[in-house]
$ cat coords_17.cif   # mmCIF, C-alpha atoms and all ligand atoms
data_entry
#
loop_
_atom_site.label_atom_id
_atom_site.label_comp_id
_atom_site.auth_asym_id
_atom_site.auth_seq_id
_atom_site.Cartn_x
_atom_site.Cartn_y
_atom_site.Cartn_z
CA MET A 1 91.47 109.20 100.26
CA ILE A 2 90.83 107.27 97.08
CA VAL A 3 88.90 108.79 94.19
CA ILE A 4 87.50 106.22 91.77
CA LEU A 5 86.65 107.55 88.33
CA LYS A 6 83.80 106.23 86.22
CA PRO A 7 84.74 103.59 83.62
CA GLY A 8 86.49 105.13 80.63
CA VAL A 9 87.15 108.48 82.35
CA THR A 10 90.79 109.54 82.59
CA LEU A 11 92.47 111.98 84.95
CA SER A 12 93.29 114.38 82.11
CA GLU A 13 89.56 114.93 81.62
CA MET A 14 89.21 115.91 85.27
CA GLY A 15 90.92 119.29 85.46
CA ASP A 16 88.27 120.83 87.74
CA LEU A 17 88.54 117.92 90.16
CA VAL A 18 92.34 118.19 90.29
CA ARG A 19 92.14 121.94 90.92
CA TYR A 20 89.59 121.38 93.69
CA ILE A 21 91.78 118.71 95.32
CA GLU A 22 94.75 121.06 95.24
CA SER A 23 92.69 123.97 96.59
CA GLN A 24 92.05 121.81 99.66
CA GLY A 25 95.78 121.51 100.34
CA LEU A 26 95.85 117.94 99.06
CA ARG A 27 97.78 116.42 96.19
CA ILE A 28 97.62 113.49 93.83
CA GLY A 29 100.06 110.91 95.11
CA ARG A 30 99.43 108.08 92.70
CA ILE A 31 97.28 107.23 89.72
CA VAL A 32 96.42 103.56 89.35
CA ARG A 33 95.12 102.78 85.88
CA GLY A 34 93.10 99.57 85.91
CA GLU A 35 91.60 97.81 82.89
CA GLU A 36 88.35 99.74 83.25
CA ARG A 37 88.80 102.39 85.87
CA THR A 38 91.32 104.94 86.94
CA VAL A 39 91.82 105.23 90.67
CA ILE A 40 93.49 108.28 92.21
CA GLY A 41 95.35 108.17 95.51
CA VAL A 42 94.94 111.60 97.11
CA ILE A 43 97.36 112.41 99.92
CA GLY A 44 97.57 115.08 102.59
CA GLU A 45 95.51 116.02 105.61
CA ASP A 46 91.97 115.26 104.41
CA ARG A 47 89.96 115.26 107.64
CA GLY A 48 88.15 118.53 106.93
CA VAL A 49 87.59 117.93 103.23
CA PRO A 50 83.90 117.55 102.26
CA ILE A 51 83.78 114.14 100.66
CA ASP A 52 80.33 114.72 99.13
CA ARG A 53 81.67 117.73 97.23
CA LEU A 54 84.25 115.42 95.61
CA ARG A 55 81.65 112.77 94.89
CA ALA A 56 79.56 115.37 93.06
CA PHE A 57 82.14 115.92 90.30
CA GLU A 58 81.07 114.65 86.91
CA GLY A 59 83.16 111.55 86.14
CA VAL A 60 83.67 110.54 89.76
CA GLU A 61 82.19 107.18 90.66
CA ASP A 62 83.09 107.11 94.34
CA VAL A 63 85.36 108.57 96.99
CA VAL A 64 86.59 106.40 99.85
CA ARG A 65 88.51 107.52 102.90
CA VAL A 66 91.51 105.36 103.75
CA LEU A 67 91.45 104.84 107.48
CA LYS A 68 95.02 103.63 107.89
CA PRO A 69 97.64 106.41 107.96
CA TYR A 70 99.54 104.90 105.04
CA LYS A 71 97.66 105.58 101.84
CA LEU A 72 99.80 104.97 98.75
CA VAL A 73 101.22 101.65 99.92
CA ASN A 74 97.81 100.51 101.15
CA ARG A 75 96.15 97.61 99.39
CA ASP A 76 92.92 99.61 99.43
CA LEU A 77 94.43 101.87 96.77
CA GLN A 78 95.87 99.10 94.63
CA PRO A 79 94.41 95.61 95.11
CA GLU A 80 96.95 94.00 92.74
CA ASP A 81 100.47 93.22 93.92
CA THR A 82 103.16 95.69 92.91
CA VAL A 83 105.68 93.97 90.64
CA ILE A 84 109.15 95.54 90.48
CA ARG A 85 111.33 94.54 87.54
CA GLY A 86 114.93 95.36 86.79
CA ASP A 87 117.84 93.96 84.85
CA GLY A 88 117.68 90.23 85.66
CA PHE A 89 115.45 90.47 88.72
CA GLN A 90 111.83 90.73 89.71
CA PHE A 91 110.06 91.25 93.02
CA GLY A 92 106.41 90.29 93.32
CA GLY A 93 104.15 88.61 90.81
CA GLY A 94 104.89 85.06 91.96
CA SER A 95 108.69 85.06 91.74
CA PHE A 96 110.94 84.10 94.67
CA THR A 97 114.04 86.24 94.43
CA VAL A 98 117.26 85.21 96.15
CA ILE A 99 119.59 88.06 97.07
CA ALA A 100 122.93 86.88 98.41
CA GLY A 101 126.40 88.15 99.16
CA PRO A 102 128.66 89.22 101.96
CA CYS A 103 127.66 91.64 104.67
CA ALA A 104 130.38 94.03 103.48
CA VAL A 105 132.51 94.34 100.38
CA GLU A 106 135.98 93.66 101.75
CA SER A 107 138.29 93.17 98.77
CA ALA A 108 138.24 92.49 95.03
CA ALA A 109 139.02 88.80 95.58
CA GLN A 110 136.27 88.39 98.18
CA ILE A 111 133.42 90.04 96.24
CA LEU A 112 134.36 88.67 92.81
CA GLU A 113 134.78 85.10 94.01
CA THR A 114 131.46 85.32 95.83
CA ALA A 115 129.65 86.89 92.87
CA HIS A 116 130.84 84.22 90.43
CA PHE A 117 129.88 81.44 92.84
CA LEU A 118 126.43 82.92 93.45
CA LYS A 119 125.75 83.45 89.77
CA GLU A 120 126.62 79.83 89.07
CA HIS A 121 124.34 78.61 91.85
CA GLY A 122 121.17 80.47 91.03
CA ALA A 123 121.19 83.72 93.04
CA HIS A 124 119.30 86.54 91.31
CA MET A 125 121.02 89.53 92.90
CA LEU A 126 124.31 90.31 94.60
CA ARG A 127 124.35 92.15 97.90
CA GLY A 128 127.31 93.72 99.70
CA GLY A 129 127.70 96.83 101.80
CA ALA A 130 130.10 99.54 100.71
CA TYR A 131 128.82 101.85 103.45
CA LYS A 132 128.25 99.96 106.68
CA PRO A 133 126.13 101.37 109.51
CA ARG A 134 127.93 99.79 112.48
CA THR A 135 126.84 99.88 116.09
CA SER A 136 130.39 100.74 117.16
CA PRO A 137 132.31 103.60 115.53
CA TYR A 138 135.45 101.45 115.85
CA SER A 139 134.10 98.57 113.72
CA PHE A 140 134.85 98.27 109.99
CA GLN A 141 132.80 100.97 108.25
CA GLY A 142 133.06 99.65 104.69
CA LEU A 143 135.22 100.53 101.69
CA ALA A 144 132.89 103.35 100.58
CA GLY A 145 133.66 104.50 97.00
CA GLU A 146 136.12 101.67 96.44
CA GLY A 147 133.43 99.22 97.54
CA LEU A 148 131.02 100.68 94.99
CA ASP A 149 133.64 100.28 92.24
CA LEU A 150 134.11 96.64 93.20
CA LEU A 151 130.37 96.03 93.10
CA ALA A 152 130.23 97.59 89.63
CA ARG A 153 133.01 95.26 88.56
CA ALA A 154 131.22 92.22 90.02
CA ARG A 155 128.10 93.13 88.08
CA GLU A 156 130.08 93.60 84.89
CA GLU A 157 131.77 90.20 85.26
CA THR A 158 128.72 88.19 86.30
CA GLY A 159 125.66 90.08 85.07
CA LEU A 160 124.19 89.91 88.57
CA ALA A 161 122.20 92.99 89.56
CA VAL A 162 123.52 94.74 92.65
CA ILE A 163 121.84 95.88 95.85
CA THR A 164 123.79 97.96 98.33
CA GLU A 165 123.04 100.16 101.29
CA VAL A 166 122.92 103.93 101.30
CA VAL A 167 123.33 105.47 104.75
CA SER A 168 122.93 109.16 104.10
CA ALA A 169 120.88 111.44 101.87
CA GLU A 170 124.03 113.02 100.35
CA ASP A 171 125.21 109.64 99.06
CA VAL A 172 122.02 108.64 97.25
CA GLU A 173 123.02 109.85 93.77
CA ARG A 174 126.46 108.33 93.96
CA VAL A 175 125.21 104.96 95.22
CA ALA A 176 122.41 104.97 92.63
CA GLU A 177 125.01 105.16 89.84
CA VAL A 178 126.12 101.63 90.77
CA ALA A 179 123.23 100.04 92.63
CA ASP A 180 120.30 98.52 90.78
CA VAL A 181 118.41 98.67 94.07
CA LEU A 182 119.08 101.03 97.01
CA GLN A 183 119.00 99.45 100.46
CA VAL A 184 117.87 101.45 103.47
CA GLY A 185 118.95 99.62 106.60
CA ALA A 186 117.05 98.86 109.79
CA ARG A 187 118.86 101.63 111.68
CA ASN A 188 117.75 104.17 109.09
CA MET A 189 114.14 103.07 108.66
CA GLN A 190 112.98 106.28 110.29
CA ASN A 191 115.65 108.55 108.84
CA PHE A 192 113.01 110.61 107.11
CA ARG A 193 115.38 112.81 105.07
CA LEU A 194 117.02 109.67 103.70
CA LEU A 195 113.62 108.13 102.90
CA GLN A 196 112.61 111.27 101.03
CA SER A 197 115.87 111.33 99.18
CA VAL A 198 115.57 107.72 97.93
CA GLY A 199 111.95 108.57 97.16
CA ARG A 200 113.25 111.00 94.54
CA SER A 201 115.56 108.40 93.00
CA ALA A 202 114.67 106.35 89.94
CA ARG A 203 116.01 103.19 91.62
CA PRO A 204 113.82 100.74 93.52
CA VAL A 205 114.26 100.91 97.29
CA PHE A 206 114.80 97.91 99.57
CA LEU A 207 113.54 99.04 102.96
CA LYS A 208 114.45 97.02 106.03
CA ARG A 209 112.22 96.98 109.07
CA GLY A 210 113.59 98.92 112.05
CA GLN A 211 114.70 96.87 115.02
CA SER A 212 111.74 97.98 117.12
CA ALA A 213 109.36 99.18 114.43
CA THR A 214 105.71 98.23 114.43
CA ILE A 215 104.17 97.12 111.13
CA GLU A 216 102.41 100.47 110.93
CA GLU A 217 105.66 102.41 111.38
CA PHE A 218 107.28 100.15 108.77
CA LEU A 219 104.54 100.84 106.23
CA LEU A 220 104.65 104.56 107.02
CA ALA A 221 108.37 104.54 106.27
CA ALA A 222 107.53 103.00 102.89
CA GLU A 223 104.86 105.68 102.49
CA TYR A 224 107.57 108.37 102.85
CA VAL A 225 109.34 106.91 99.81
CA ALA A 226 106.14 106.53 97.80
CA ALA A 227 104.94 110.04 98.69
CA GLU A 228 108.07 111.47 97.01
CA GLY A 229 107.08 109.72 93.78
CA ASN A 230 108.94 106.41 93.97
CA PRO A 231 106.38 103.58 94.13
CA HIS A 232 109.04 100.87 93.82
CA VAL A 233 109.58 99.81 97.40
CA ILE A 234 110.51 96.29 98.49
CA LEU A 235 109.92 95.66 102.19
CA CYS A 236 112.26 93.44 104.20
CA GLU A 237 111.46 91.70 107.47
CA ARG A 238 114.85 91.19 109.18
CA GLY A 239 113.91 90.35 112.74
CA ILE A 240 112.91 92.57 115.62
CA ARG A 241 114.08 93.02 119.20
CA SER A 242 112.23 90.95 121.76
CA PHE A 243 112.69 89.91 125.39
CA ASP A 244 114.55 86.81 124.24
CA THR A 245 118.27 87.29 123.84
CA SER A 246 119.11 83.76 122.65
CA LEU A 247 119.35 85.01 119.08
CA ARG A 248 120.43 88.29 117.53
CA ASN A 249 116.79 89.15 116.77
CA THR A 250 113.41 87.44 116.56
CA LEU A 251 112.07 86.74 113.08
CA ASP A 252 108.50 88.00 112.82
CA ILE A 253 107.34 85.54 110.19
CA ALA A 254 103.72 86.61 110.70
CA ALA A 255 104.73 89.98 109.27
CA VAL A 256 104.86 88.36 105.84
CA PRO A 257 101.20 87.34 105.41
CA LEU A 258 100.07 90.36 107.44
CA ILE A 259 101.90 92.83 105.22
CA LYS A 260 100.59 91.01 102.14
CA LYS A 261 97.12 91.73 103.44
CA LEU A 262 97.74 95.38 104.32
CA SER A 263 99.95 96.45 101.42
CA HIS A 264 100.49 95.72 97.73
CA LEU A 265 104.29 95.97 98.10
CA PRO A 266 106.56 92.92 97.82
CA ILE A 267 108.08 91.58 101.03
CA VAL A 268 111.38 89.77 101.42
CA VAL A 269 112.81 88.03 104.51
CA ASP A 270 116.39 88.35 105.75
CA PRO A 271 117.03 85.30 107.95
CA SER A 272 120.71 86.21 108.43
CA HIS A 273 120.19 89.38 110.48
CA ALA A 274 117.07 87.85 112.00
CA THR A 275 119.03 85.11 113.74
CA GLY A 276 122.75 85.90 113.68
CA LYS A 277 123.46 82.16 113.27
CA ARG A 278 124.27 80.60 109.93
CA GLU A 279 122.76 77.19 110.68
CA LEU A 280 119.36 78.80 111.27
CA VAL A 281 119.35 80.63 107.94
CA PRO A 282 118.22 77.78 105.61
CA PRO A 283 115.23 76.66 107.75
CA LEU A 284 114.02 80.25 108.10
CA ALA A 285 114.48 80.85 104.37
CA ALA A 286 112.19 77.86 103.85
CA ALA A 287 109.71 79.35 106.33
CA ALA A 288 109.78 82.63 104.38
CA LEU A 289 109.01 80.84 101.13
CA ALA A 290 106.18 78.86 102.74
CA ALA A 291 104.74 82.00 104.35
CA GLY A 292 104.42 83.67 100.95
CA ALA A 293 107.45 85.98 100.92
CA ASP A 294 108.64 87.33 97.57
CA GLY A 295 112.24 86.40 98.27
CA VAL A 296 115.07 86.16 100.76
CA MET A 297 118.25 88.09 101.40
CA VAL A 298 121.07 85.98 102.85
CA GLU A 299 124.67 86.71 103.74
CA VAL A 300 127.31 84.49 102.12
CA HIS A 301 131.08 84.69 102.55
CA PRO A 302 133.91 82.62 101.02
CA ASP A 303 135.55 82.37 104.45
CA PRO A 304 133.11 83.46 107.17
CA GLU A 305 135.71 83.00 109.91
CA SER A 306 137.73 85.87 108.47
CA ALA A 307 134.76 88.14 107.62
CA LEU A 308 135.11 91.76 108.74
CA SER A 309 131.43 91.85 109.69
CA ASP A 310 128.66 89.35 110.42
CA GLY A 311 130.81 86.22 109.94
CA PRO A 312 128.77 84.06 112.37
CA GLN A 313 125.60 84.52 110.32
CA SER A 314 127.20 84.21 106.89
CA LEU A 315 126.62 81.00 104.95
CA THR A 316 129.60 79.16 103.51
CA PHE A 317 129.46 78.39 99.78
CA PRO A 318 128.42 74.73 100.31
CA GLN A 319 125.69 75.86 102.73
CA PHE A 320 124.34 78.30 100.15
CA ARG A 321 124.30 75.59 97.49
CA ASP A 322 122.44 73.19 99.80
CA MET A 323 119.98 75.90 100.78
CA MET A 324 119.12 76.58 97.12
CA ALA A 325 118.47 72.86 96.53
CA MET A 326 116.31 72.73 99.66
CA LEU A 327 114.31 75.79 98.55
CA ASP A 328 113.63 74.07 95.22
CA ARG A 329 112.22 71.08 97.09
CA VAL A 330 110.06 73.31 99.30
CA ARG A 331 108.76 75.16 96.25
CA ALA A 332 107.87 71.89 94.56
CA GLY A 333 106.00 70.80 97.68
CA LEU A 334 104.06 74.07 97.79
CA ARG A 335 102.87 73.84 94.20
CA PRO A 336 99.19 72.94 93.97
CA GLN A 337 99.00 69.20 93.32
CA PRO A 338 97.12 68.02 90.25
CA ALA A 339 93.64 66.69 91.03
CA GLY A 340 93.54 63.09 92.23
CA VAL A 341 97.03 63.16 93.79
C1 LIG A 401 122.78 94.56 106.24
O1 LIG A 401 121.93 94.14 105.44
O2 LIG A 401 124.00 94.34 106.09
C2 LIG A 401 122.35 95.27 107.46
C3 LIG A 401 123.16 96.14 108.06
O3 LIG A 401 121.14 94.91 107.86
P1 LIG A 401 120.12 95.61 108.90
O4 LIG A 401 119.98 97.01 108.43
O5 LIG A 401 118.88 94.79 108.73
O6 LIG A 401 120.74 95.47 110.25
MN MN A 402 125.25 92.26 107.85
#
$ encode --input "coords_17.cif" --output "structure tokens" --more "lines below"
Ligand code: PEP
Ligand code: MN
Amino acid sequence: MIVILKPGVTLSEMGDLVRYIESQGLRIGRIVRGEERTVIGVIGEDRGVPIDRLRAFEGVEDVVRVLKPYKLVNRDLQPEDTVIRGDGFQFGGGSFTVIAGPCAVESAAQILETAHFLKEHGAHMLRGGAYKPRTSPYSFQGLAGEGLDLLARAREETGLAVITEVVSAEDVERVAEVADVLQVGARNMQNFRLLQSVGRSARPVFLKRGQSATIEEFLLAAEYVAAEGNPHVILCERGIRSFDTSLRNTLDIAAVPLIKKLSHLPIVVDPSHATGKRELVPPLAAAALAAGADGVMVEVHPDPESALSDGPQSLTFPQFRDMMAMLDRVRAGLRPQPAGV
């Protein structure tokens, strides 16, 4: 539920209220301080809690039950968009952030060449998996620690912030030493121990939608992270399984405006995993921008034919450059036109 305090009242003046909330087996999940009012997101099983008792506390303006099962990531709690800022990147607040890089870190030459190219051509963040969750145990699993070292080197040389995947709770601290943003992959969207572990990290979390996850399950996965105290979650729509097998997945573009309505969290689109085909990546990146996404994540490889994973969906360097120019044109077309035009 959401407890709205009267204008000018702060949580620290509300000791009795906090004690009462805790006596009901609930806890304070988030405090949103607005210009005038403080709003408290209370989490836990609240069905039996007498709402009128809470309303009666001096300093409380109103108490509202949140009907959806996700509370902290719900727009009802925080009407303004969450803006996540880091070294050289921003998600939300009107920016369109381009994350690019290979599926996996394969070698020093591969990641450094890619990072320098991307930096020169306007990418905001470098991606690359050091730990790869592969469908087959016999496929390339990533360079692990060596991959992390190479990502650190790429950041040092280019200044690009790094996003990389963490596949198990035990690895979170180690990956967080290098990664500016921790990626949780589609296959791990409901790995609840991992979600709780990244929820205790100071790093923002990039959470990819599970292959068959509903929007509600997706937002509840984000809620797991937020409930551990980490409100910095970036959602990523990366395609879902459907009856149609012509492409690797089906991009649910409607998820973008729908999630914007339901949640205050930023949402990014990954057209590479959504389609599995490099020539479809630029048009779907444009669709993401037009639909109101906060950014895209695309795979880029210096020589996709020789990539150890996801070569067919990786853009070549010239394709990335052309896509960036095309996105600029789309953005210009989306800008509100001056009156009379
Ligand atoms: C990835 O980003 O490389 C990846 C494995 O993606 P997903 O988890 O969406 O399949
Ligand atoms: Mn990939």
$ residues_near_point --input "coords_17.cif" --point "(85.0, 120.9, 87.1)" --cutoff "7 Å" --atoms "only C-alpha atoms" --output "PyMOL selection string"
chain A and resi 14-17+57
$ residues_near_ligand --input "coords_17.cif" --ligand "ligand MN 402 (chain A)" --cutoff "7 Å" --atoms "only C-alpha atoms and all ligand atoms" --output "MDAnalysis selection string"
chainID A and resid 103:104 273 299 309:310
$ write_last_selection --input "coords_17.cif" --atoms "C-alpha atoms" --output "compact mmCIF listing (two decimals), keeping the file's coordinate frame"
# COMPACT_ATOMS: atom_id res chain seq x y z
CA CYS A 103 127.66 91.64 104.67
CA ALA A 104 130.38 94.03 103.48
CA HIS A 273 120.19 89.38 110.48
CA GLU A 299 124.67 86.71 103.74
CA SER A 309 131.43 91.85 109.69
CA ASP A 310 128.66 89.35 110.42
$ residues_near_ligand --input "coords_17.cif" --ligand "ligand LIG 401 (chain A)" --cutoff "6 Å" --atoms "all atoms listed in the file" --output "JSON, numbers by chain"
{"A": [103, 185, 186, 187, 208, 238, 273]}
$ atom_distance --input "coords_17.cif" --atom1 "CA of Glu80 in chain A" --atom2 "CA of Ala226 in chain A"
16.3 Å
$ atom_distance --input "coords_17.cif" --atom1 "CA of Gly276 in chain A" --atom2 "CA of Asn249 in chain A"
7.5 Å
$ closest_residue --input "coords_17.cif" --among "A:Ala274, A:Leu258, A:Leu308, A:Met324" --to "Ser107 in chain A" --atoms "only C-alpha atoms"
A:Leu308
$ residues_around --input "coords_17.cif" --residues "Ala285 in chain A" --least-positions-apart "6" --cutoff "12 Å" --atoms "only C-alpha atoms" --output "PyMOL selection string"
chain A and resi 96-100+237-238+251+253+268-275+278-279+291-299+320+322-328+330-331
$ residues_around --input "coords_17.cif" --residues "Lys71 in chain A" --least-positions-apart "3" --cutoff "12 Å" --atoms "only C-alpha atoms" --output "mmCIF file with C-alpha atoms, in the coordinates of the input"
data_model
loop_
_atom_site.group_PDB
_atom_site.id
_atom_site.type_symbol
_atom_site.label_atom_id
_atom_site.label_comp_id
_atom_site.auth_asym_id
_atom_site.auth_seq_id
_atom_site.Cartn_x
_atom_site.Cartn_y
_atom_site.Cartn_z
ATOM 1 C CA MET A 1 91.470 109.200 100.260
ATOM 2 C CA ILE A 2 90.830 107.270 97.080
ATOM 3 C CA ILE A 28 97.620 113.490 93.830
ATOM 4 C CA GLY A 29 100.060 110.910 95.110
ATOM 5 C CA ARG A 30 99.430 108.080 92.700
ATOM 6 C CA ILE A 40 93.490 108.280 92.210
ATOM 7 C CA GLY A 41 95.350 108.170 95.510
ATOM 8 C CA VAL A 42 94.940 111.600 97.110
ATOM 9 C CA ILE A 43 97.360 112.410 99.920
ATOM 10 C CA GLY A 44 97.570 115.080 102.590
ATOM 11 C CA GLU A 45 95.510 116.020 105.610
ATOM 12 C CA ASP A 46 91.970 115.260 104.410
ATOM 13 C CA VAL A 64 86.590 106.400 99.850
ATOM 14 C CA ARG A 65 88.510 107.520 102.900
ATOM 15 C CA VAL A 66 91.510 105.360 103.750
ATOM 16 C CA LEU A 67 91.450 104.840 107.480
ATOM 17 C CA LYS A 68 95.020 103.630 107.890
ATOM 18 C CA ASN A 74 97.810 100.510 101.150
ATOM 19 C CA ARG A 75 96.150 97.610 99.390
ATOM 20 C CA ASP A 76 92.920 99.610 99.430
ATOM 21 C CA LEU A 77 94.430 101.870 96.770
ATOM 22 C CA GLN A 78 95.870 99.100 94.630
ATOM 23 C CA GLU A 216 102.410 100.470 110.930
ATOM 24 C CA LEU A 219 104.540 100.840 106.230
ATOM 25 C CA LEU A 220 104.650 104.560 107.020
ATOM 26 C CA ALA A 221 108.370 104.540 106.270
ATOM 27 C CA ALA A 222 107.530 103.000 102.890
ATOM 28 C CA GLU A 223 104.860 105.680 102.490
ATOM 29 C CA TYR A 224 107.570 108.370 102.850
ATOM 30 C CA VAL A 225 109.340 106.910 99.810
ATOM 31 C CA ALA A 226 106.140 106.530 97.800
ATOM 32 C CA ALA A 227 104.940 110.040 98.690
ATOM 33 C CA PRO A 231 106.380 103.580 94.130
ATOM 34 C CA LEU A 262 97.740 95.380 104.320
ATOM 35 C CA SER A 263 99.950 96.450 101.420
ATOM 36 C CA HIS A 264 100.490 95.720 97.730
#
$ closest_residue --input "coords_17.cif" --among "A:Glu106, A:Glu170, A:Asp252, A:Glu165" --to "Pro304 in chain A" --atoms "only C-alpha atoms"
A:Glu106
$ residues_around --input "coords_17.cif" --residues "Glu120 in chain A" --least-positions-apart "5" --cutoff "12 Å" --atoms "all atoms listed in the file" --output "count of residues only"
11
$ closest_residue --input "coords_17.cif" --among "A:Lys277, A:Lys132, A:Arg203, A:Lys6" --to "Val181 in chain A" --atoms "all atoms listed in the file"
A:Arg203
$ residues_around --input "coords_17.cif" --residues "Ile84 in chain A" --least-positions-apart "4" --cutoff "9 Å" --atoms "only C-alpha atoms" --output "PyMOL selection string"
chain A and resi 89-93+204+232-234+266
$ residues_around --input "coords_17.cif" --residues "Gln211 in chain A" --least-positions-apart "4" --cutoff "7 Å" --atoms "only C-alpha atoms" --output "MDAnalysis selection string"
chainID A and resid 186 239:241
$ axis_aligned_box --input "coords_17.cif" --around "range 3-12 of chain A" --padding-each-side "4 Å" --output "JSON"
{"center_x": 88.5, "center_y": 109.0, "center_z": 87.4, "size_x": 17.5, "size_y": 18.8, "size_z": 21.6}
$ atom_distance --input "coords_17.cif" --atom1 "CA of Pro133 in chain A" --atom2 "CA of Gly101 in chain A"
16.8 Å
$ closest_residue --input "coords_17.cif" --among "A:Ala332, A:Ala202, A:Ala288, A:Arg248" --to "Gly86 in chain A" --atoms "all atoms listed in the file"
A:Ala202
$ build_atoms --input "coords_17.cif" --residues "range 124-144 of chain A" --atoms "N, CA and C atoms" --output "mmCIF file, in the frame of the given file"
data_model
loop_
_atom_site.group_PDB
_atom_site.id
_atom_site.type_symbol
_atom_site.label_atom_id
_atom_site.label_comp_id
_atom_site.auth_asym_id
_atom_site.auth_seq_id
_atom_site.Cartn_x
_atom_site.Cartn_y
_atom_site.Cartn_z
ATOM 1 N N HIS A 124 119.804 85.563 92.294
ATOM 2 C CA HIS A 124 119.300 86.540 91.310
ATOM 3 C C HIS A 124 119.959 87.902 91.452
ATOM 4 N N MET A 125 120.409 88.212 92.660
ATOM 5 C CA MET A 125 121.020 89.530 92.900
ATOM 6 C C MET A 125 122.182 89.379 93.860
ATOM 7 N N LEU A 126 123.145 90.282 93.709
ATOM 8 C CA LEU A 126 124.310 90.310 94.600
ATOM 9 C C LEU A 126 124.145 91.438 95.608
ATOM 10 N N ARG A 127 124.346 91.116 96.878
ATOM 11 C CA ARG A 127 124.350 92.150 97.900
ATOM 12 C C ARG A 127 125.781 92.349 98.422
ATOM 13 N N GLY A 128 126.002 93.463 99.104
ATOM 14 C CA GLY A 128 127.310 93.720 99.700
ATOM 15 C C GLY A 128 127.343 95.181 100.085
ATOM 16 N N GLY A 129 127.691 95.450 101.331
ATOM 17 C CA GLY A 129 127.700 96.830 101.800
ATOM 18 C C GLY A 129 129.015 97.521 101.492
ATOM 19 N N ALA A 130 128.928 98.694 100.891
ATOM 20 C CA ALA A 130 130.100 99.540 100.710
ATOM 21 C C ALA A 130 130.134 100.565 101.855
ATOM 22 N N TYR A 131 128.965 100.963 102.287
ATOM 23 C CA TYR A 131 128.820 101.850 103.450
ATOM 24 C C TYR A 131 128.139 101.023 104.527
ATOM 25 N N LYS A 132 128.805 100.813 105.638
ATOM 26 C CA LYS A 132 128.250 99.960 106.680
ATOM 27 C C LYS A 132 127.829 100.774 107.900
ATOM 28 N N PRO A 133 126.566 100.702 108.278
ATOM 29 C CA PRO A 133 126.130 101.370 109.510
ATOM 30 C C PRO A 133 126.441 100.463 110.687
ATOM 31 N N ARG A 134 127.515 100.694 111.406
ATOM 32 C CA ARG A 134 127.930 99.790 112.480
ATOM 33 C C ARG A 134 127.566 100.358 113.850
ATOM 34 N N THR A 135 127.221 99.461 114.752
ATOM 35 C CA THR A 135 126.840 99.880 116.090
ATOM 36 C C THR A 135 128.003 100.607 116.781
ATOM 37 N N SER A 136 129.228 100.088 116.557
ATOM 38 C CA SER A 136 130.390 100.740 117.160
ATOM 39 C C SER A 136 131.141 101.567 116.116
ATOM 40 N N PRO A 137 131.554 102.778 116.498
ATOM 41 C CA PRO A 137 132.310 103.600 115.530
ATOM 42 C C PRO A 137 133.694 103.020 115.242
ATOM 43 N N TYR A 138 134.118 102.025 116.056
ATOM 44 C CA TYR A 138 135.450 101.450 115.850
ATOM 45 C C TYR A 138 135.414 100.201 114.973
ATOM 46 N N SER A 139 134.203 99.743 114.607
ATOM 47 C CA SER A 139 134.100 98.570 113.720
ATOM 48 C C SER A 139 134.315 99.007 112.279
ATOM 49 N N PHE A 140 134.636 98.027 111.431
ATOM 50 C CA PHE A 140 134.850 98.270 109.990
ATOM 51 C C PHE A 140 133.642 98.991 109.381
ATOM 52 N N GLN A 141 133.893 100.120 108.744
ATOM 53 C CA GLN A 141 132.800 100.970 108.250
ATOM 54 C C GLN A 141 132.530 100.788 106.764
ATOM 55 N N GLY A 142 133.269 99.878 106.123
ATOM 56 C CA GLY A 142 133.060 99.650 104.690
ATOM 57 C C GLY A 142 134.086 100.384 103.858
ATOM 58 N N LEU A 143 134.196 99.947 102.579
ATOM 59 C CA LEU A 143 135.220 100.530 101.690
ATOM 60 C C LEU A 143 134.719 101.764 100.951
ATOM 61 N N ALA A 144 133.484 102.162 101.198
ATOM 62 C CA ALA A 144 132.890 103.350 100.580
ATOM 63 C C ALA A 144 133.024 103.324 99.056
#
